[in-house]
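**Student:** File name input.cif; file contents mmCIF, C-alpha atoms; full text below.
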```cif
data_data
#
loop_
_atom_site.label_atom_id
_atom_site.label_comp_id
_atom_site.auth_asym_id
_atom_site.auth_seq_id
_atom_site.Cartn_x
_atom_site.Cartn_y
_atom_site.Cartn_z
CA MET A 83 -4.42 -19.15 5.77
CA ALA A 84 -7.62 -20.57 4.24
CA SER A 85 -8.01 -24.35 4.25
CA SER A 86 -7.74 -26.19 0.92
CA SER A 87 -11.42 -27.16 1.14
CA THR A 88 -12.41 -23.51 1.59
CA VAL A 89 -10.39 -22.48 -1.46
CA ILE A 90 -11.94 -25.29 -3.52
CA HIS A 91 -15.42 -24.23 -2.42
CA PHE A 92 -14.64 -20.65 -3.42
CA LEU A 93 -13.37 -21.67 -6.86
CA ILE A 94 -16.35 -23.94 -7.49
CA PHE A 95 -18.82 -21.28 -6.42
CA SER A 96 -17.09 -18.61 -8.54
CA LEU A 97 -17.11 -20.93 -11.57
CA PHE A 98 -20.80 -21.70 -11.00
CA ILE A 99 -21.67 -18.01 -10.99
CA SER A 100 -19.46 -17.05 -13.93
CA LEU A 101 -20.91 -19.85 -16.10
CA ALA A 102 -24.29 -18.13 -15.80
CA PHE A 103 -22.99 -15.45 -18.18
CA SER A 104 -21.92 -15.88 -21.77
CA SER A 105 -18.94 -13.86 -22.94
CA SER A 106 -21.31 -11.57 -24.84
CA THR A 107 -23.24 -10.68 -21.67
CA LYS A 108 -20.26 -10.02 -19.42
CA PRO A 109 -19.89 -6.29 -18.80
CA LYS A 110 -16.54 -4.60 -18.32
CA ALA A 111 -17.90 -2.18 -15.74
CA LEU A 112 -20.93 -1.59 -13.52
CA ILE A 113 -22.15 1.45 -11.60
CA LEU A 114 -24.23 2.38 -8.58
CA PRO A 115 -25.54 5.82 -7.63
CA VAL A 116 -24.53 7.24 -4.25
CA TYR A 117 -26.31 10.00 -2.34
CA LYS A 118 -25.50 12.09 0.72
CA ASP A 119 -28.14 12.06 3.44
CA ALA A 120 -28.39 15.58 4.87
CA ALA A 121 -29.61 14.52 8.31
CA THR A 122 -27.00 11.85 9.11
CA LEU A 123 -24.17 12.78 6.67
CA GLN A 124 -24.17 9.11 5.67
CA TYR A 125 -23.76 7.99 2.06
CA VAL A 126 -26.50 5.81 0.67
CA THR A 127 -26.80 3.72 -2.47
CA GLN A 128 -29.71 1.88 -4.05
CA LEU A 129 -29.42 -1.72 -5.17
CA ASN A 130 -32.11 -3.79 -6.87
CA ILE A 131 -32.52 -7.22 -5.31
CA GLY A 132 -34.83 -10.24 -5.54
CA THR A 133 -37.49 -11.59 -7.90
CA PRO A 134 -39.23 -9.43 -8.84
CA LEU A 135 -36.43 -6.90 -8.49
CA SER A 136 -37.07 -4.46 -5.68
CA PRO A 137 -35.01 -1.33 -4.87
CA LYS A 138 -33.33 -1.39 -1.46
CA ARG A 139 -31.30 1.39 0.16
CA PHE A 140 -27.99 0.70 1.88
CA VAL A 141 -25.53 2.87 3.77
CA VAL A 142 -22.12 2.62 2.07
CA ASP A 143 -19.42 1.21 4.37
CA LEU A 144 -16.09 1.33 2.54
CA GLY A 145 -14.41 -1.11 4.94
CA GLY A 146 -17.50 -3.25 5.61
CA LYS A 147 -17.21 -7.02 5.28
CA HIS A 148 -20.45 -7.73 3.41
CA LEU A 149 -23.96 -6.59 2.62
CA TRP A 150 -26.41 -7.07 5.46
CA MET A 151 -30.09 -6.18 5.51
CA ASP A 152 -33.17 -6.51 7.66
CA CYS A 153 -35.08 -9.30 5.91
CA ASP A 154 -38.05 -9.28 8.30
CA ASP A 155 -39.44 -5.77 7.90
CA GLY A 156 -42.16 -7.01 5.54
CA SER A 157 -40.81 -5.24 2.45
CA TYR A 158 -38.62 -8.08 1.19
CA THR A 159 -40.35 -10.95 -0.61
CA SER A 160 -38.52 -12.78 -3.36
CA SER A 161 -39.07 -16.07 -5.16
CA SER A 162 -35.32 -16.37 -5.83
CA PHE A 163 -34.27 -15.96 -2.18
CA ARG A 164 -32.28 -18.90 -0.83
CA LYS A 165 -30.85 -19.70 2.56
CA SER A 166 -27.39 -21.28 2.71
CA PHE A 167 -26.89 -24.45 4.71
CA CYS A 168 -23.92 -25.71 6.62
CA GLY A 169 -21.29 -27.41 4.50
CA SER A 170 -22.35 -25.53 1.34
CA ALA A 171 -20.05 -23.49 -0.90
CA PRO A 172 -21.62 -20.12 0.07
CA CYS A 173 -21.06 -20.86 3.77
CA SER A 174 -17.45 -21.76 3.08
CA VAL A 175 -16.84 -18.71 0.88
CA ALA A 176 -18.32 -16.47 3.60
CA LYS A 177 -16.16 -18.14 6.27
CA ALA A 178 -19.42 -18.57 8.12
CA THR A 179 -20.11 -20.37 11.40
CA CYS A 180 -22.53 -23.17 12.12
CA ASN A 181 -23.84 -24.30 15.50
CA GLY A 182 -21.83 -27.25 16.72
CA GLY A 183 -18.99 -26.65 14.27
CA CYS A 184 -20.61 -27.76 11.03
CA LEU A 185 -17.68 -26.68 8.89
CA PRO A 186 -15.43 -28.57 6.46
CA GLY A 187 -13.46 -31.05 8.56
CA HIS A 188 -15.91 -30.75 11.48
CA LEU A 189 -19.11 -32.20 10.04
CA ARG A 190 -21.62 -33.96 12.28
CA PRO A 191 -24.94 -35.74 11.60
CA GLY A 192 -27.78 -33.39 10.71
CA CYS A 193 -25.65 -30.28 10.40
CA ASN A 194 -26.50 -29.81 6.73
CA ASN A 195 -30.05 -28.92 7.75
CA GLU A 196 -28.84 -25.81 9.58
CA THR A 197 -28.20 -22.39 8.12
CA CYS A 198 -24.77 -20.82 8.57
CA TYR A 199 -24.20 -17.32 9.85
CA VAL A 200 -21.69 -14.50 10.11
CA VAL A 201 -21.35 -11.60 12.52
CA SER A 202 -22.75 -8.47 10.86
CA GLU A 203 -21.84 -5.04 12.19
CA ASN A 204 -23.75 -1.80 12.24
CA THR A 205 -20.60 0.35 12.15
CA ILE A 206 -22.62 3.53 12.70
CA LYS A 207 -24.01 2.24 15.99
CA GLY A 208 -21.06 -0.01 16.84
CA ALA A 209 -23.39 -2.97 17.35
CA LEU A 210 -23.10 -6.61 16.28
CA GLU A 211 -25.80 -9.00 15.14
CA VAL A 212 -25.95 -12.56 13.82
CA GLY A 213 -26.65 -12.58 10.08
CA GLU A 214 -27.78 -15.72 8.27
CA ILE A 215 -25.94 -16.32 5.02
CA SER A 216 -28.47 -15.96 2.21
CA ARG A 217 -28.49 -15.66 -1.59
CA ASP A 218 -30.55 -13.78 -4.11
CA VAL A 219 -30.28 -12.07 -7.47
CA ILE A 220 -29.09 -8.46 -7.61
CA SER A 221 -29.04 -6.01 -10.52
CA LEU A 222 -26.70 -3.13 -11.35
CA ARG A 223 -26.44 -0.93 -14.41
CA SER A 224 -23.54 -1.49 -16.77
CA THR A 225 -21.49 1.41 -18.10
CA ASP A 226 -18.94 2.35 -20.73
CA GLY A 227 -17.50 4.88 -18.29
CA GLU A 228 -19.35 7.76 -19.93
CA LYS A 229 -22.98 6.98 -19.11
CA SER A 230 -25.15 4.19 -17.80
CA LYS A 231 -26.06 1.21 -19.98
CA PRO A 232 -28.60 -1.62 -19.61
CA PRO A 233 -28.83 -3.37 -16.24
CA VAL A 234 -27.06 -6.67 -15.57
CA SER A 235 -28.36 -9.27 -13.11
CA ILE A 236 -26.06 -11.34 -10.90
CA PRO A 237 -27.57 -14.56 -9.50
CA ASN A 238 -26.74 -16.12 -6.14
CA PHE A 239 -25.28 -12.98 -4.61
CA ILE A 240 -24.27 -13.76 -1.01
CA PHE A 241 -25.46 -11.47 1.77
CA ALA A 242 -26.51 -11.64 5.41
CA CYS A 243 -30.05 -11.46 6.75
CA ALA A 244 -29.59 -9.73 10.11
CA ASN A 245 -33.18 -9.88 11.21
CA ALA A 246 -33.05 -8.16 14.61
CA TRP A 247 -31.49 -4.87 13.51
CA ASP A 248 -32.57 -1.53 14.84
CA LEU A 249 -32.16 0.65 11.72
CA LYS A 250 -32.85 3.96 13.48
CA THR A 251 -29.15 4.92 13.42
CA LEU A 252 -29.06 4.65 9.63
CA ALA A 253 -30.28 7.19 7.08
CA THR A 254 -34.06 7.20 6.79
CA GLY A 255 -35.34 4.47 4.51
CA SER A 256 -32.18 2.35 4.72
CA ASN A 257 -32.59 -1.43 4.73
CA GLY A 258 -29.06 -2.17 5.91
CA MET A 259 -25.41 -1.55 5.03
CA ILE A 260 -23.29 -2.55 2.04
CA GLY A 261 -19.63 -3.44 2.54
CA PHE A 262 -16.79 -2.78 0.09
CA GLY A 263 -13.99 -4.19 2.24
CA ARG A 264 -11.33 -6.85 1.77
CA GLU A 265 -13.61 -9.89 2.05
CA ARG A 266 -14.74 -12.52 -0.43
CA ILE A 267 -18.40 -11.67 0.05
CA ALA A 268 -17.93 -7.89 -0.02
CA LEU A 269 -19.53 -6.36 -3.10
CA PRO A 270 -16.40 -5.65 -5.25
CA THR A 271 -14.95 -9.16 -4.92
CA GLN A 272 -18.30 -10.88 -5.53
CA LEU A 273 -18.84 -8.85 -8.71
CA SER A 274 -15.38 -9.73 -9.97
CA SER A 275 -15.92 -13.42 -9.19
CA SER A 276 -19.31 -13.41 -10.92
CA PHE A 277 -17.87 -12.45 -14.30
CA GLY A 278 -14.53 -14.23 -14.14
CA GLY A 279 -11.15 -12.83 -15.15
CA THR A 280 -12.57 -10.31 -17.64
CA PHE A 281 -14.00 -8.20 -14.82
CA LEU A 282 -11.18 -6.55 -12.88
CA ARG A 283 -11.16 -6.50 -9.09
CA LYS A 284 -11.30 -2.75 -8.96
CA PHE A 285 -13.78 -0.09 -7.86
CA ALA A 286 -13.83 3.71 -7.75
CA ILE A 287 -15.93 5.94 -5.53
CA CYS A 288 -16.93 9.58 -6.08
CA LEU A 289 -18.87 11.03 -3.14
CA PRO A 290 -21.06 14.08 -3.79
CA SER A 291 -20.73 17.24 -1.71
CA LYS A 292 -24.39 18.18 -2.06
CA SER A 293 -27.10 16.21 -0.29
CA SER A 294 -29.85 14.40 -2.16
CA LYS A 295 -32.25 17.14 -1.02
CA HIS A 296 -30.27 19.60 -3.14
CA GLY A 297 -30.02 17.44 -6.24
CA GLY A 298 -26.61 16.02 -5.46
CA GLY A 299 -25.61 12.50 -6.42
CA GLY A 300 -22.32 10.72 -6.98
CA VAL A 301 -21.29 7.42 -8.53
CA ILE A 302 -19.48 4.20 -7.67
CA PHE A 303 -17.76 2.30 -10.51
CA PHE A 304 -16.84 -1.41 -10.54
CA GLY A 305 -14.46 -3.02 -13.03
CA GLU A 306 -12.43 -1.44 -15.81
CA SER A 307 -13.63 1.73 -17.51
CA PRO A 308 -12.73 5.34 -18.05
CA TYR A 309 -14.26 7.78 -15.57
CA ILE A 310 -16.01 10.38 -17.69
CA PHE A 311 -17.44 13.54 -16.11
CA TYR A 312 -18.67 16.82 -17.55
CA PRO A 313 -17.70 20.33 -16.39
CA PHE A 314 -20.22 22.98 -15.40
CA TYR A 315 -19.25 25.28 -18.26
CA ASN A 316 -19.77 22.72 -21.05
CA SER A 317 -22.13 19.77 -20.64
CA SER A 318 -20.92 18.24 -23.92
CA LYS A 319 -17.21 18.32 -23.07
CA SER A 320 -16.05 15.05 -21.51
CA ILE A 321 -13.15 14.73 -19.05
CA ASP A 322 -11.60 11.37 -18.16
CA VAL A 323 -10.68 11.93 -14.53
CA SER A 324 -8.34 8.92 -14.41
CA SER A 325 -5.77 11.02 -16.28
CA ARG A 326 -5.33 13.01 -13.04
CA PHE A 327 -4.62 10.03 -10.78
CA THR A 328 -1.67 9.81 -8.43
CA TYR A 329 -1.07 6.36 -6.95
CA THR A 330 0.01 5.07 -3.58
CA ARG A 331 0.11 1.64 -2.00
CA LEU A 332 -2.82 0.14 -0.11
CA TYR A 333 -1.81 -1.62 3.10
CA ILE A 334 -3.41 -4.51 4.96
CA ASN A 335 -3.51 -3.80 8.68
CA THR A 336 -4.47 -6.20 11.44
CA ILE A 337 -7.50 -5.97 13.68
CA PHE A 338 -6.64 -4.42 17.04
CA THR A 339 -6.06 -7.19 19.57
CA GLY A 340 -6.39 -5.10 22.72
CA SER A 341 -2.81 -5.74 23.78
CA SER A 342 0.56 -4.15 23.01
CA THR A 343 2.40 -7.46 23.34
CA VAL A 344 0.32 -10.10 21.55
CA ILE A 345 1.29 -11.50 18.20
CA ARG A 346 -0.29 -10.24 15.02
CA GLY A 347 -4.08 -10.47 14.88
CA PRO A 348 -6.29 -11.34 11.88
CA PRO A 349 -6.27 -9.00 8.85
CA SER A 350 -8.70 -6.11 8.81
CA SER A 351 -11.20 -5.74 5.97
CA GLU A 352 -10.63 -1.95 5.93
CA TYR A 353 -8.33 0.07 3.65
CA PHE A 354 -5.14 1.57 5.01
CA LEU A 355 -2.48 3.93 3.66
CA LYS A 356 0.93 4.95 4.94
CA VAL A 357 0.93 8.69 5.59
CA THR A 358 4.44 9.88 6.41
CA SER A 359 3.67 13.55 7.06
CA ILE A 360 0.98 16.22 6.97
CA MET A 361 1.59 19.60 5.37
CA VAL A 362 -0.06 23.01 5.74
CA ASN A 363 0.73 25.35 2.85
CA ARG A 364 3.22 22.66 1.82
CA LYS A 365 5.11 22.98 5.10
CA SER A 366 5.44 19.82 7.20
CA ILE A 367 3.96 19.88 10.68
CA PRO A 368 5.71 18.14 13.62
CA ILE A 369 4.35 14.62 14.14
CA ASN A 370 5.65 11.69 16.17
CA SER A 371 6.37 9.34 13.25
CA THR A 372 5.97 6.31 15.51
CA LEU A 373 2.24 7.01 15.54
CA LEU A 374 2.05 6.72 11.76
CA ASN A 375 3.78 3.34 11.52
CA PHE A 376 1.91 0.03 11.47
CA HIS A 377 2.33 -2.08 14.59
CA ARG A 378 1.78 -5.81 14.98
CA ASN A 379 -1.17 -5.37 17.33
CA GLY A 380 -3.15 -3.31 14.81
CA ILE A 381 -2.35 0.17 16.12
CA GLY A 382 -1.09 2.73 13.63
CA GLY A 383 -1.41 3.64 9.98
CA THR A 384 -4.03 5.73 8.19
CA LYS A 385 -7.51 4.47 7.33
CA ILE A 386 -10.05 5.71 4.78
CA SER A 387 -13.67 5.68 5.92
CA THR A 388 -17.07 6.58 4.51
CA ILE A 389 -18.63 6.04 7.94
CA GLU A 390 -16.74 8.85 9.68
CA PRO A 391 -18.20 12.18 8.48
CA TYR A 392 -14.94 14.11 9.07
CA THR A 393 -11.26 13.22 9.33
CA LYS A 394 -10.23 12.26 12.86
CA LEU A 395 -6.69 12.84 14.11
CA GLU A 396 -4.90 11.61 17.22
CA SER A 397 -4.67 14.47 19.75
CA THR A 398 -1.02 15.45 19.25
CA ILE A 399 -1.43 15.36 15.47
CA TYR A 400 -4.62 17.40 15.66
CA LYS A 401 -3.02 20.06 17.86
CA ALA A 402 -0.01 20.32 15.54
CA LEU A 403 -2.34 20.76 12.56
CA VAL A 404 -4.36 23.51 14.29
CA GLU A 405 -1.23 25.40 15.37
CA ALA A 406 0.24 25.31 11.86
CA PHE A 407 -3.07 26.27 10.26
CA GLU A 408 -3.55 29.24 12.60
CA GLU A 409 -0.03 30.45 11.91
CA GLU A 410 -0.71 30.42 8.16
CA ILE A 411 -4.20 31.91 8.31
CA LYS A 412 -3.48 34.88 10.57
CA ILE A 413 -2.55 37.09 7.61
CA TRP A 414 -6.27 37.10 6.66
CA ASN A 415 -7.27 38.96 9.80
CA VAL A 416 -9.40 36.14 11.16
CA ARG A 417 -10.48 35.86 14.77
CA LYS A 418 -10.96 32.62 16.70
CA VAL A 419 -14.44 32.02 18.11
CA GLY A 420 -16.07 29.30 20.19
CA GLY A 421 -16.43 25.86 18.70
CA VAL A 422 -19.61 24.76 16.96
CA ALA A 423 -20.28 21.05 17.51
CA PRO A 424 -18.80 18.77 16.41
CA PHE A 425 -15.95 21.19 15.61
CA THR A 426 -13.68 22.75 18.21
CA ASP A 427 -11.62 25.18 16.13
CA CYS A 428 -13.69 27.87 14.42
CA TYR A 429 -12.89 31.33 13.06
CA THR A 430 -14.47 34.43 11.67
CA LYS A 431 -13.97 34.64 7.94
CA GLY A 432 -12.16 37.98 8.20
CA SER A 433 -10.79 38.84 4.76
CA VAL A 434 -10.81 35.22 3.59
CA GLY A 435 -12.54 34.99 0.22
CA MET A 436 -14.17 32.28 -1.83
CA THR A 437 -12.41 30.52 -4.70
CA GLY A 438 -13.34 27.84 -7.19
CA LEU A 439 -11.84 25.35 -4.70
CA GLY A 440 -13.93 26.53 -1.76
CA ILE A 441 -13.03 28.92 1.05
CA GLY A 442 -9.61 30.38 0.22
CA VAL A 443 -7.61 29.09 3.21
CA PRO A 444 -4.16 27.45 3.37
CA ASP A 445 -4.18 23.98 1.79
CA ILE A 446 -3.70 20.84 3.89
CA GLY A 447 -2.12 17.74 2.44
CA PHE A 448 -1.16 14.15 3.20
CA VAL A 449 2.23 12.90 2.02
CA PHE A 450 2.52 9.17 1.29
CA GLU A 451 5.50 6.84 1.23
CA LYS A 452 7.99 9.62 2.07
CA LYS A 453 7.64 10.90 -1.50
CA LYS A 454 6.63 14.54 -1.68
CA ASN A 455 5.29 14.09 -5.19
CA VAL A 456 2.81 11.51 -3.84
CA TYR A 457 0.78 14.18 -2.18
CA TRP A 458 -2.98 14.42 -1.63
CA GLU A 459 -3.74 18.12 -1.44
CA LEU A 460 -6.96 19.34 0.18
CA PHE A 461 -8.41 22.81 -0.33
CA GLY A 462 -11.15 24.81 1.36
CA ALA A 463 -14.00 22.77 -0.09
CA ASN A 464 -12.66 19.73 1.81
CA THR A 465 -11.06 21.39 4.85
CA MET A 466 -13.54 24.05 6.02
CA VAL A 467 -17.22 24.06 6.94
CA GLU A 468 -19.14 27.36 6.99
CA VAL A 469 -21.33 26.61 10.01
CA ILE A 470 -23.09 29.97 10.18
CA ARG A 471 -22.70 33.15 8.19
CA GLU A 472 -19.18 34.56 8.55
CA VAL A 473 -18.02 31.67 10.78
CA MET A 474 -15.99 28.77 9.41
CA CYS A 475 -14.66 25.70 11.20
CA LEU A 476 -11.74 23.40 10.51
CA ALA A 477 -13.36 20.15 9.29
CA PHE A 478 -11.15 17.85 11.36
CA LEU A 479 -11.82 16.27 14.75
CA ASP A 480 -9.64 15.39 17.74
CA SER A 481 -10.07 11.64 18.32
CA GLY A 482 -8.01 11.28 21.51
CA VAL A 483 -4.70 9.59 22.24
CA VAL A 484 -3.13 6.20 21.54
CA PRO A 485 -3.76 3.48 22.74
CA LEU A 486 -7.39 4.51 23.27
CA VAL A 487 -7.30 5.49 19.59
CA THR A 488 -6.03 2.60 17.50
CA THR A 489 -5.81 4.42 14.15
CA PRO A 490 -4.17 7.87 14.52
CA ILE A 491 -5.49 9.17 11.18
CA VAL A 492 -8.91 8.27 9.81
CA ILE A 493 -9.65 10.15 6.57
CA GLY A 494 -13.38 10.83 6.65
CA ALA A 495 -16.08 11.33 4.05
CA TYR A 496 -16.00 15.15 3.97
CA GLN A 497 -12.40 15.04 2.79
CA LEU A 498 -13.36 12.53 0.05
CA GLN A 499 -16.17 14.62 -1.45
CA ASP A 500 -15.70 15.58 -5.10
CA ASN A 501 -12.52 13.51 -5.21
CA LEU A 502 -12.40 10.29 -7.24
CA LEU A 503 -10.69 7.38 -5.48
CA GLU A 504 -9.88 4.15 -7.31
CA PHE A 505 -9.27 1.03 -5.20
CA ASP A 506 -7.31 -1.39 -7.38
CA LEU A 507 -7.45 -4.60 -5.37
CA GLY A 508 -5.55 -6.60 -7.97
CA SER A 509 -2.55 -4.26 -7.85
CA ASN A 510 -3.15 -3.28 -4.21
CA ARG A 511 -2.95 0.44 -4.86
CA LEU A 512 -5.08 3.56 -4.48
CA GLY A 513 -5.46 6.11 -7.25
CA PHE A 514 -6.65 9.54 -6.12
CA SER A 515 -7.53 12.57 -8.21
CA SER A 516 -7.37 15.35 -5.62
CA THR A 517 -10.33 17.71 -5.98
CA LEU A 518 -12.28 17.55 -9.24
CA LEU A 519 -13.06 21.24 -8.80
CA PHE A 520 -9.78 21.96 -10.58
CA ASP A 521 -11.60 20.92 -13.76
CA ASP A 522 -14.86 22.61 -12.76
CA VAL A 523 -16.29 19.14 -12.15
CA GLU A 524 -18.22 17.62 -9.27
CA CYS A 525 -19.03 13.97 -8.55
CA SER A 526 -22.63 14.76 -9.51
CA LYS A 527 -21.47 15.44 -13.10
CA PHE A 528 -21.64 11.83 -14.27
CA LYS A 529 -24.42 11.10 -16.76
CA PHE A 530 -26.67 8.34 -15.45
#
```
Can you give me the file's structure in the form of structure tokens?

**Tutor:**
Amino acid sequence: MASSSTVIHFLIFSLFISLAFSSSTKPKALILPVYKDAATLQYVTQLNIGTPLSPKRFVVDLGGKHLWMDCDDGSYTSSSFRKSFCGSAPCSVAKATCNGGCLPGHLRPGCNNETCYVVSENTIKGALEVGEISRDVISLRSTDGEKSKPPVSIPNFIFACANAWDLKTLATGSNGMIGFGRERIALPTQLSSSFGGTFLRKFAICLPSKSSKHGGGGVIFFGESPYIFYPFYNSSKSIDVSSRFTYTRLYINTIFTGSSTVIRGPPSSEYFLKVTSIMVNRKSIPINSTLLNFHRNGIGGTKISTIEPYTKLESTIYKALVEAFEEEIKIWNVRKVGGVAPFTDCYTKGSVGMTGLGIGVPDIGFVFEKKKNVYWELFGANTMVEVIREVMCLAFLDSGVVPLVTTPIVIGAYQLQDNLLEFDLGSNRLGFSSTLLFDDVECSKFKF
């Protein structure tokens, strides 16, 4: 539980930021573009930061704790940049560390001359770095849900300067990573705090299936708005995708403690769901349900990730999925062939045809909360990859066995493409659309 002084610091800092905006300037929703990098399969957004405003590129990390960037590459100069010093509100809000314990209740002489820091993580590389808590102005475009509107600037946005990063593992041109997780200094919560109670703690993400090289681009929404897209067949006909939402609960899991016997660890910043079964052609596959439950040491549950390119399944779950899929697909006269990295289960296309929902194979779905009507159905566009002509692979990966694998199901980015997902942090629920291709819509069909 947060100390009373930390809570007070957070409230004071939030009030300070929100007072910078009059009621007439407070938007109801903001947007960011999101692009797929063809080389890395990472998703990248562009955020304007500093004075003067300068565009920076960040890899989107759905469960990331905060925005971190390399501040020493020579491209970042800003007159509004500020470091945060020990004992300050930003340090407290960020739950940051100071050398010698310069935190509320542990102050010592001279500590207020030191900057505070957090541990920043390159989740692509799996590497950690010390990031100094810093502040600067950022700018995002506002929206009415139908198209982009004038930009809005947010002062004193808290982020981490992780100066020693090797950015080679990130998409070319990236300056760092931007976190959307369950933390006070993650982007969604900071935006909500900046504008007060009128700006809902909610965001929605629509990942494009086409890379930026092929003109693809999706959108990330923040706050309350309709989600208006336009079908291929009629660029003047608007469709509010939120009308297609099905909802399920978001769970808070604990960080894996490395032991099967220790008491519950700290809460994870990532987003978890409770999958109760997986279906192929609406037939349940055999799964050890114990794997799907949440356990006190952080093992279990289902996680959503933008960092994993493809959904990863614990070995026994993966094998059950492949067996069920092959049983259903054999009527199409397909033949199994050698795997094509990173995939292990690949097939000739046989008599399988193409549909408006992708390759016409049996659907695969996740059932939530033991309710069959709360069902996220995936079709060929999100389950198969055509790796070479006439050869298709199942777009799922075998991640290994528990306890080496802590999360038995990690829903990856390929399965999210051209689906709209709304993370309602106030109500602690996920709204999901299933594929937008039903309406002849893609995530690229939002009008910026």

**Student:** Closest to Pro490 (chain A) among A:Glu306, A:Glu228, A:Glu352, A:Glu396, using only C-alpha atoms?

**Tutor:** A:Glu396

**Student:** Env of Gly347 (chain A): 8 Å cut, atoms = only C-alpha atoms, seq-sep filter 5 positions within chain, self excluded. Answer as a ChimeraX atom specification.

**Tutor:** /A:336-339,378-380

**Student:** What does the structure give for the distance between CA of Tyr496 (chain A) and CA of Tyr392 (chain A), in Å to one decimal?

**Tutor:**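 Distance between the two atoms: 5.3 Å.
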
**Student:** Just checking: using only C-alpha atoms, which residue out of A:Ile215, A:Met151, A:Cys168, A:Ala178 ends up closest to Trp247 (chain A)?

**Tutor:**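 Counting only C-alpha atoms, the residue closest to Trp247 (chain A) is A:Met151.
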
**Student:** Could you check how far CA of Tyr353 (chain A) sits from CA of Gly145 (chain A), in Å to one decimal?

**Tutor:**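 So the two atoms, CA of Tyr353 (chain A) and CA of Gly145 (chain A), lie 6.3 Å apart.
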
**Student:** Rounded to one decimal in Å, what is the spacing between CA of Leu149 (chain A) and CA of Gly261 (chain A)?

**Tutor:**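 Separating CA of Leu149 (chain A) from CA of Gly261 (chain A) is a distance of 5.4 Å.
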
**Student:** Determine the residue membership of the PyMOL selection byres ((chain A and resi 504-517) around 7) for the file above and supply it as a list in words.

**Tutor:** Arg283, Lys284, Phe285, Ala286, Ile287, Arg326, Phe327, Thr328, Tyr329, Thr330, Arg331, Leu332, Trp458, Glu459, Asp500, Asn501, Leu502, Leu503, Leu518, Leu519 and Phe520 of chain A

**Student:** Have a look at A:Met474, A:Ala176, A:Ala244, A:Leu498 and name the one nearest to Gly258 (chain A); count only C-alpha atoms.

**Tutor:**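 Result for the nearest residue to Gly258 (chain A): A:Ala244.
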
**Student:** Report the residues retrieved by the PyMOL selection byres ((chain A and resi 440) around 8) from the displayed file, expressed as a PDB file with C-alpha atoms, in the frame of the given file.

**Tutor:**
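Here's the written file out_33.pdb:
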```pdb
ATOM      1  CA  MET A 436     -14.170  32.280  -1.830  1.00  0.00           C
ATOM      2  CA  THR A 437     -12.410  30.520  -4.700  1.00  0.00           C
ATOM      3  CA  GLY A 438     -13.340  27.840  -7.190  1.00  0.00           C
ATOM      4  CA  LEU A 439     -11.840  25.350  -4.700  1.00  0.00           C
ATOM      5  CA  ILE A 441     -13.030  28.920   1.050  1.00  0.00           C
ATOM      6  CA  GLY A 442      -9.610  30.380   0.220  1.00  0.00           C
ATOM      7  CA  PHE A 461      -8.410  22.810  -0.330  1.00  0.00           C
ATOM      8  CA  GLY A 462     -11.150  24.810   1.360  1.00  0.00           C
ATOM      9  CA  ALA A 463     -14.000  22.770  -0.090  1.00  0.00           C
ATOM     10  CA  ASN A 464     -12.660  19.730   1.810  1.00  0.00           C
TER      11      ASN A 464
END
```

**Student:** Could you tell me, as a ChimeraX atom specification, exactly which residues end up selected when the PyMOL selection byres ((chain A and resi 220-224) around 10) is applied to this structure?

**Tutor:** /A:108-115,128-133,135-137,217-219,225-227,229-240,303-305,530

**Student:** Looking at A:Ser481, A:Gln499, A:Ser433, A:Thr107, which one is nearest to Tyr125 (chain A), with distances taken over all atoms listed in the file?

**Tutor:**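 Checking each of A:Ser481, A:Gln499, A:Ser433, A:Thr107 against Tyr125 (chain A), counting all atoms listed in the file, the winner is A:Gln499.
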
**Student:** Between A:Val469, A:Leu374, A:Phe163, A:Thr254, which is the closest to Ala423 (chain A) once you count only C-alpha atoms?

**Tutor:**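 Ranked by minimum distance to Ala423 (chain A), first place goes to A:Val469.
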
**Student:** Mind dumping a table of every region 349-418 of chain A residue within 12 Å of region 201-205 of chain A, with the nearest atom pair and its distance in Å to one decimal, using only C-alpha atoms, sorted by chain and rising number, as a Markdown table?

**Tutor:**
```
| residue | atom | partner | partner_atom | distance |
| --- | --- | --- | --- | --- |
| A:Glu352 | CA | A:Thr205 | CA | 12.0 |
| A:Ser387 | CA | A:Thr205 | CA | 10.7 |
| A:Thr388 | CA | A:Thr205 | CA | 10.5 |
| A:Ile389 | CA | A:Thr205 | CA | 7.3 |
| A:Glu390 | CA | A:Thr205 | CA | 9.7 |
```

**Student:** So that I can see what lies close to Thr127 (chain A), please list as a list in words the residues with an atom at most 6 Å from it, counting all atoms listed in the file and leaving out residues fewer than 4 positions away in the same chain.

**Tutor:**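 Counting all atoms listed in the file, the residues come to Pro115, Val116, Arg139 and Phe140 of chain A.
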
**Student:** What are the centre and the three edge lengths of an axis-aligned box that wraps all atoms of region 416-426 of chain A in the file, given that 6 Å is added to every side, written as JSON and rounded to one decimal in Å?

**Tutor:**
```
{"center_x": -14.8, "center_y": 27.5, "center_z": 15.7, "size_x": 22.9, "size_y": 29.4, "size_z": 21.0}
```
